[in-house]
Amino acid sequence: MTGRRTVIRGGLLLDSQGRAAPQDLLIEDGRIAAIANPGFEVSGDAEPVSASDRLLIPGLINSHTHSHGALNRGAVDDKVSLEMFLTGAGASTRSRGVEDKYLSAALSAAEMIRKGCTACFDLSVELPGPSREGISAVARAYRDAGMRAVVAPMIADRTIYQALPGLIDALPESLRAQYAALSAAPIEQTFATCRDILANWEFDRRQIRPALGPTIPLHCSDPFLMECASLAREYTIPLQTHLAESRTQAAIARTRYGASLVGHLESLGFLSEHLSVAHAIWLDDDEIAKLGHAGVRVAHNPSSNLRLGSGVAPVRKMLSAGLTVGIGTDASNTSDGQNMFEATRFAEEWISAGNAFELATEGSASVLGFEKIGRLAVGYEADIVFLRLDSTHFVPLRAPLLQMVFGENGASVQTVMIGGRVVFQDGKLLTLDEALLRQQAEAAAHRLDQANADLYASGAAVARLVGAFCAAQGCTGHPLPRKLSLACP
Ligand SMILES: [Zn+2]
């Protein structure tokens with residue numbers, strides 16, 4: 001990223017064991033070249049950077065987000081379950097041009113950097129289907145922000161009405177034909193686009209890499225999932241899907257497959273070290289063991305799980321089973337922000353502060369497939385966040401790691417360096433024009449809300465029906481509710 005040499009002096013450095021000690025760092029070619037006692041001698045013309053009264057931590061890594069959510073902030077009602085959210089997803093992302101896709105990713109990147117996050121795994125949806133131009137626009141936004149990212153087109157070959165058996169029949173007759181007629185992008189076209197994206201990746205893979213995001217197994221046919229796995233092997237890229245995020249998904253998987261969700265994916269050959277799974281809430285012990293056996297990684301999204309009422313992920317069980325777990329925020333319209341400090345604090349099930357921080361750094365790095373991020377150590381990328389130690393939650397300073405994990409909300413972030421380049425300093429993002437982004441976002445939101453007004457209105461009505469159907473599925477599994485009416489609560 002930069003050929004410059006920089007020496008950071010005077011900081012309190014948090015090492016991979018969670019210990020904080022005064023240490024200076026030398027950075028060359030964007031990587032950490034040396035870590036040594038304060039004042040150590042550096043030959044040549046390294047530019048000095050002061051970290052006096054700062055805690056130096058590795059940049060947090062967001063293992064699961066959706067950049068398209070940023071332009072949709074504030075548009076999702078509260079008390080909306082996952083399936084109700086998905087019912088309205090069309091309204092939130094249709095009618096967008098390439099510049100809207102860039103803008104949404106730039107807004108998302110700006111929030112992540114401001115809150116001390118230096119890399120993310122982004123599943124980006126485009127409707128009616130993925131495009132090389134759209135994914136390039138998202139990658140461009142991360143490049144311009146100076147952030148590291150894995151960018152995956154989020155894809156499927158079924159609508160939610162095709163994904164959930166019995167849903168169409170449960171809708172009132174007046175709506176049935178309209179929603180049964182909806183279809184996802186044709187499979188051949190989707191994979192031709194994905195191949196084009198993977199074969200012609202135009203970005204520096206040290207900073208931005210491609211991946212694939214089959215959205216939810218139930219929303220993908222078996223041949224579709226197998227083609228994703230095959231492309232991941234062919235191009236050596238990561239795959240990420242949403243797994244057992246809702247109780248409904250786990251229940252319907254048993255109806256559809258006659259097996260557990262993970263059992264079915266295993267039988268397809270879909271589980272591998274290429275795969276990471278977001279949420280992973282409604283799993284039994286056998287499914288957790290299968291994921292561990294296959295080397296599948298997990299992206300844990302506690303704030304989104306709270307927002308959508310999805311449930312509490314069995315993080316301790318997954319860690320005990322040897323799974324690698326990272327932490328993610330999920331989209332800005334389901335969590336409702338890109339604050340990795342908050343997501344880390346919410347990593348529930350009473351894991352230790354040290355564990356939670358390890359998940360948000362090295363665990364997430366493993367989900368992204370970047371080997372040399374997530375730790376302040378020689379040979380690692382210089383992705384470093386400087387936290388002000390005069391922030392109230394650090395005073396008095398006894399246990400920096402613990403005080404950071406339980407007390408930090410991003411407000412102490414003073415400097416963010418990615419690949420040795422300072423991208424944020426003293427409250428100002430140096431790589432993007434945030435005032436301009438704000439103007440563009442307000443204009444785009446106004447235009448898109450008008451263009452999608454009909455979809456929002458019809459989506460809200462049908463979302464209530466879908467929510468009632470799924471609640472019945474999730475709670476009882478069988479029998480399916482025979483009829484739902486628009487008047488249901
Ligand atoms: Zn998600």
# chains A, B, ... in the order shown; residues from 1 in each chain; ligands from 1
$ closest_atom_pairs --of "chain A" --to "ligand 1" --cutoff "7 Å" --atoms "only C-alpha atoms and all ligand atoms" --output "CSV"
residue,atom,partner,partner_atom_place_in_ligand_line,distance
A:His64,CA,ligand 1,1 (Zn),6.4
A:Thr65,CA,ligand 1,1 (Zn),5.9
A:His66,CA,ligand 1,1 (Zn),6.4
A:His242,CA,ligand 1,1 (Zn),6.4
A:Ala278,CA,ligand 1,1 (Zn),6.7
A:Asp330,CA,ligand 1,1 (Zn),4.9
A:Ala331,CA,ligand 1,1 (Zn),6.2
$ residues_around --residues "range 23-39 of chain A" --least-positions-apart "5" --cutoff "10 Å" --atoms "only C-alpha atoms" --output "PDB file with C-alpha atoms, in the first residue's frame"
ATOM      1  CA  MET A   1       0.000   0.000   0.000  1.00  0.00           C
ATOM      2  CA  THR A   2       2.797   2.417   0.778  1.00  0.00           C
ATOM      3  CA  GLY A   3       6.537   2.168   0.245  1.00  0.00           C
ATOM      4  CA  ARG A   4       7.151   4.662   3.052  1.00  0.00           C
ATOM      5  CA  ARG A   5       8.786   3.818   6.351  1.00  0.00           C
ATOM      6  CA  THR A   6       7.028   5.007   9.482  1.00  0.00           C
ATOM      7  CA  VAL A   7       7.921   4.629  13.125  1.00  0.00           C
ATOM      8  CA  ILE A   8       5.156   4.863  15.721  1.00  0.00           C
ATOM      9  CA  ARG A   9       6.528   5.946  19.074  1.00  0.00           C
ATOM     10  CA  GLY A  10       5.155   6.403  22.578  1.00  0.00           C
ATOM     11  CA  GLY A  11       2.107   4.117  22.425  1.00  0.00           C
ATOM     12  CA  LEU A  12       0.853   1.394  24.714  1.00  0.00           C
ATOM     13  CA  LEU A  13       0.652  -1.665  22.471  1.00  0.00           C
ATOM     14  CA  LEU A  14      -1.863  -4.454  22.983  1.00  0.00           C
ATOM     15  CA  ASP A  15      -0.274  -7.776  22.014  1.00  0.00           C
ATOM     16  CA  ALA A  46      11.417   6.715   8.845  1.00  0.00           C
ATOM     17  CA  GLU A  47       8.641   9.270   9.395  1.00  0.00           C
ATOM     18  CA  PRO A  48       7.851   9.528  13.115  1.00  0.00           C
ATOM     19  CA  VAL A  49       4.208   9.260  14.270  1.00  0.00           C
ATOM     20  CA  SER A  50       3.402   9.987  17.908  1.00  0.00           C
ATOM     21  CA  ALA A  51       1.167   7.574  19.810  1.00  0.00           C
ATOM     22  CA  LEU A  56      -2.569   0.751  19.985  1.00  0.00           C
ATOM     23  CA  LYS A 372      -1.659 -11.395   8.049  1.00  0.00           C
ATOM     24  CA  ILE A 373      -4.258  -9.136   9.641  1.00  0.00           C
ATOM     25  CA  LEU A 376       0.037  -6.398  15.978  1.00  0.00           C
ATOM     26  CA  ALA A 377       3.066  -8.555  15.251  1.00  0.00           C
ATOM     27  CA  VAL A 378       6.067  -8.475  12.947  1.00  0.00           C
ATOM     28  CA  GLY A 379       5.134  -9.448   9.391  1.00  0.00           C
ATOM     29  CA  TYR A 380       1.478  -8.443   9.820  1.00  0.00           C
ATOM     30  CA  GLU A 381      -0.229  -5.653   7.882  1.00  0.00           C
ATOM     31  CA  ALA A 382      -0.003  -2.313   9.689  1.00  0.00           C
ATOM     32  CA  ASP A 383      -3.772  -2.023  10.318  1.00  0.00           C
ATOM     33  CA  ILE A 384      -3.635  -0.129  13.597  1.00  0.00           C
ATOM     34  CA  MET A 417      -4.023   3.360   9.936  1.00  0.00           C
ATOM     35  CA  ILE A 418      -4.588   0.721   7.255  1.00  0.00           C
ATOM     36  CA  GLY A 419      -1.585  -0.779   5.496  1.00  0.00           C
ATOM     37  CA  GLY A 420       0.563   1.903   7.096  1.00  0.00           C
ATOM     38  CA  ARG A 421      -1.571   4.718   5.645  1.00  0.00           C
TER      39      ARG A 421
END
$ closest_atom_pairs --of "range 114-217 of chain A" --to "range 256-264 of chain A" --cutoff "10 Å" --atoms "only C-alpha atoms" --output "CSV"
residue,atom,partner,partner_atom,distance
A:Ala163,CA,A:Arg256,CA,9.3
A:Leu164,CA,A:Arg256,CA,8.5
A:Pro165,CA,A:Arg256,CA,7.4
A:Pro217,CA,A:Leu261,CA,8.2
$ write_last_selection --atoms "N, CA and C atoms" --output "CSV table (one decimal), in the first residue's frame"
chain,number,residue,atom,x,y,z
A,163,ALA,N,-38.8,-20.4,-1.3
A,163,ALA,CA,-37.9,-21.0,-0.4
A,163,ALA,C,-38.6,-21.7,0.8
A,164,LEU,N,-39.8,-21.2,1.1
A,164,LEU,CA,-40.5,-21.7,2.3
A,164,LEU,C,-41.7,-22.5,1.9
A,165,PRO,N,-41.6,-23.8,1.9
A,165,PRO,CA,-42.8,-24.6,1.5
A,165,PRO,C,-44.0,-24.2,2.2
A,217,PRO,N,-29.2,-21.1,2.5
A,217,PRO,CA,-29.3,-22.4,1.8
A,217,PRO,C,-30.8,-22.6,1.3
$ atom_distance --atom1 "CA of Ile288 in chain A" --atom2 "CA of Ala251 in chain A"
16.4 Å
$ select_by_dssp --residues "range 337-397 of chain A" --states "strand (DSSP E)" --output "list in words"
Ile384, Val385, Phe386, Leu387 and Arg388 of chain A
$ write_last_selection --atoms "C-alpha atoms" --output "short mmCIF file (atom, residue, chain, number, x, y, z; two decimals), in the first residue's frame"
data_model
loop_
_atom_site.label_atom_id
_atom_site.label_comp_id
_atom_site.auth_asym_id
_atom_site.auth_seq_id
_atom_site.Cartn_x
_atom_site.Cartn_y
_atom_site.Cartn_z
CA ILE A 384 -3.64 -0.13 13.60
CA VAL A 385 -6.20 1.80 15.64
CA PHE A 386 -5.03 4.44 18.12
CA LEU A 387 -7.41 4.86 21.10
CA ARG A 388 -7.26 7.91 23.38
#
$ atom_distance --atom1 "CA of Ala360 in chain A" --atom2 "CA of Val125 in chain A"
24.1 Å
$ select_by_dssp --residues "range 22-241 of chain A" --states "alpha helix (DSSP H)" --output "ChimeraX atom specification"
/A:82-87,89-93,98-114,132-145,160-163,167-170,173-180,187-199,222-235
$ closest_residue --among "A:Leu397, A:Ala253, A:Ala441, A:Leu402" --to "Ala353 in chain A" --atoms "only C-alpha atoms"
A:Leu402
$ atom_distance --atom1 "CA of Gln240 in chain A" --atom2 "CA of Leu275 in chain A"
5.6 Å
$ residues_around --residues "Gln439 in chain A" --least-positions-apart "6" --cutoff "12 Å" --atoms "only C-alpha atoms" --output "PyMOL selection string"
chain A and resi 103+107+433+445-446
$ residues_around --residues "Asp285 in chain A" --least-positions-apart "5" --cutoff "9 Å" --atoms "only C-alpha atoms" --output "ChimeraX atom specification"
/A:290,317-318
$ residues_around --residues "His274 in chain A" --least-positions-apart "5" --cutoff "7 Å" --atoms "only C-alpha atoms" --output "PyMOL selection string"
chain A and resi 232+237-239
$ residues_around --residues "Ser67 in chain A" --least-positions-apart "5" --cutoff "10 Å" --atoms "only C-alpha atoms" --output "number ranges by chain"
A: 72, 101-109, 120-125, 138, 141, 151, 330-333, 338
$ closest_residue --among "A:Phe85, A:Ala244, A:Gly337, A:Val367" --to "Val298 in chain A" --atoms "only C-alpha atoms"
A:Val367
$ closest_atom_pairs --of "range 38-130 of chain A" --to "range 448-458 of chain A" --cutoff "7 Å" --atoms "only C-alpha atoms" --output "CSV"
residue,atom,partner,partner_atom,distance
A:Gly88,CA,A:Tyr456,CA,6.7
A:Ala91,CA,A:Leu455,CA,5.1
A:Ser95,CA,A:Leu448,CA,6.6
$ residues_around --residues "Ser221 in chain A" --least-positions-apart "3" --cutoff "10 Å" --atoms "only C-alpha atoms" --output "ChimeraX atom specification"
/A:156-158,163,187,217-218,224-226
$ write_last_selection --atoms "N, CA, C and O atoms" --output "PDB file, in the first residue's frame"
ATOM      1  N   ALA A 156     -28.923 -16.016  -5.147  1.00  0.00           N
ATOM      2  CA  ALA A 156     -29.857 -17.112  -4.847  1.00  0.00           C
ATOM      3  C   ALA A 156     -30.649 -17.399  -6.108  1.00  0.00           C
ATOM      4  O   ALA A 156     -30.669 -16.573  -7.031  1.00  0.00           O
ATOM      5  N   ASP A 157     -31.281 -18.562  -6.153  1.00  0.00           N
ATOM      6  CA  ASP A 157     -32.145 -18.834  -7.308  1.00  0.00           C
ATOM      7  C   ASP A 157     -33.597 -19.094  -6.908  1.00  0.00           C
ATOM      8  O   ASP A 157     -34.376 -19.613  -7.689  1.00  0.00           O
ATOM      9  N   ARG A 158     -33.926 -18.719  -5.649  1.00  0.00           N
ATOM     10  CA  ARG A 158     -35.333 -18.829  -5.215  1.00  0.00           C
ATOM     11  C   ARG A 158     -35.743 -17.548  -4.513  1.00  0.00           C
ATOM     12  O   ARG A 158     -34.934 -16.940  -3.817  1.00  0.00           O
ATOM     13  N   ALA A 163     -38.779 -20.435  -1.339  1.00  0.00           N
ATOM     14  CA  ALA A 163     -37.854 -21.034  -0.365  1.00  0.00           C
ATOM     15  C   ALA A 163     -38.586 -21.710   0.790  1.00  0.00           C
ATOM     16  O   ALA A 163     -38.085 -22.671   1.360  1.00  0.00           O
ATOM     17  N   ILE A 187     -30.420 -18.875 -13.087  1.00  0.00           N
ATOM     18  CA  ILE A 187     -29.192 -19.461 -12.566  1.00  0.00           C
ATOM     19  C   ILE A 187     -28.015 -19.306 -13.547  1.00  0.00           C
ATOM     20  O   ILE A 187     -26.904 -18.963 -13.145  1.00  0.00           O
ATOM     21  N   PRO A 217     -29.197 -21.072   2.488  1.00  0.00           N
ATOM     22  CA  PRO A 217     -29.340 -22.364   1.797  1.00  0.00           C
ATOM     23  C   PRO A 217     -30.758 -22.641   1.302  1.00  0.00           C
ATOM     24  O   PRO A 217     -30.934 -23.104   0.171  1.00  0.00           O
ATOM     25  N   LEU A 218     -31.786 -22.332   2.104  1.00  0.00           N
ATOM     26  CA  LEU A 218     -33.157 -22.621   1.661  1.00  0.00           C
ATOM     27  C   LEU A 218     -33.548 -21.801   0.431  1.00  0.00           C
ATOM     28  O   LEU A 218     -34.463 -22.174  -0.297  1.00  0.00           O
ATOM     29  N   PHE A 224     -27.524 -25.156  -7.341  1.00  0.00           N
ATOM     30  CA  PHE A 224     -26.997 -23.802  -7.185  1.00  0.00           C
ATOM     31  C   PHE A 224     -25.898 -23.789  -6.118  1.00  0.00           C
ATOM     32  O   PHE A 224     -24.821 -23.230  -6.312  1.00  0.00           O
ATOM     33  N   LEU A 225     -26.175 -24.439  -4.972  1.00  0.00           N
ATOM     34  CA  LEU A 225     -25.177 -24.485  -3.889  1.00  0.00           C
ATOM     35  C   LEU A 225     -23.926 -25.231  -4.348  1.00  0.00           C
ATOM     36  O   LEU A 225     -22.787 -24.824  -4.051  1.00  0.00           O
ATOM     37  N   MET A 226     -24.137 -26.321  -5.089  1.00  0.00           N
ATOM     38  CA  MET A 226     -22.981 -27.115  -5.534  1.00  0.00           C
ATOM     39  C   MET A 226     -22.128 -26.329  -6.537  1.00  0.00           C
ATOM     40  O   MET A 226     -20.901 -26.439  -6.535  1.00  0.00           O
TER      41      MET A 226
END
$ closest_residue --among "A:Ala289, A:Ile216, A:Ala321, A:Leu436" --to "Glu83 in chain A" --atoms "only C-alpha atoms"
A:Ile216
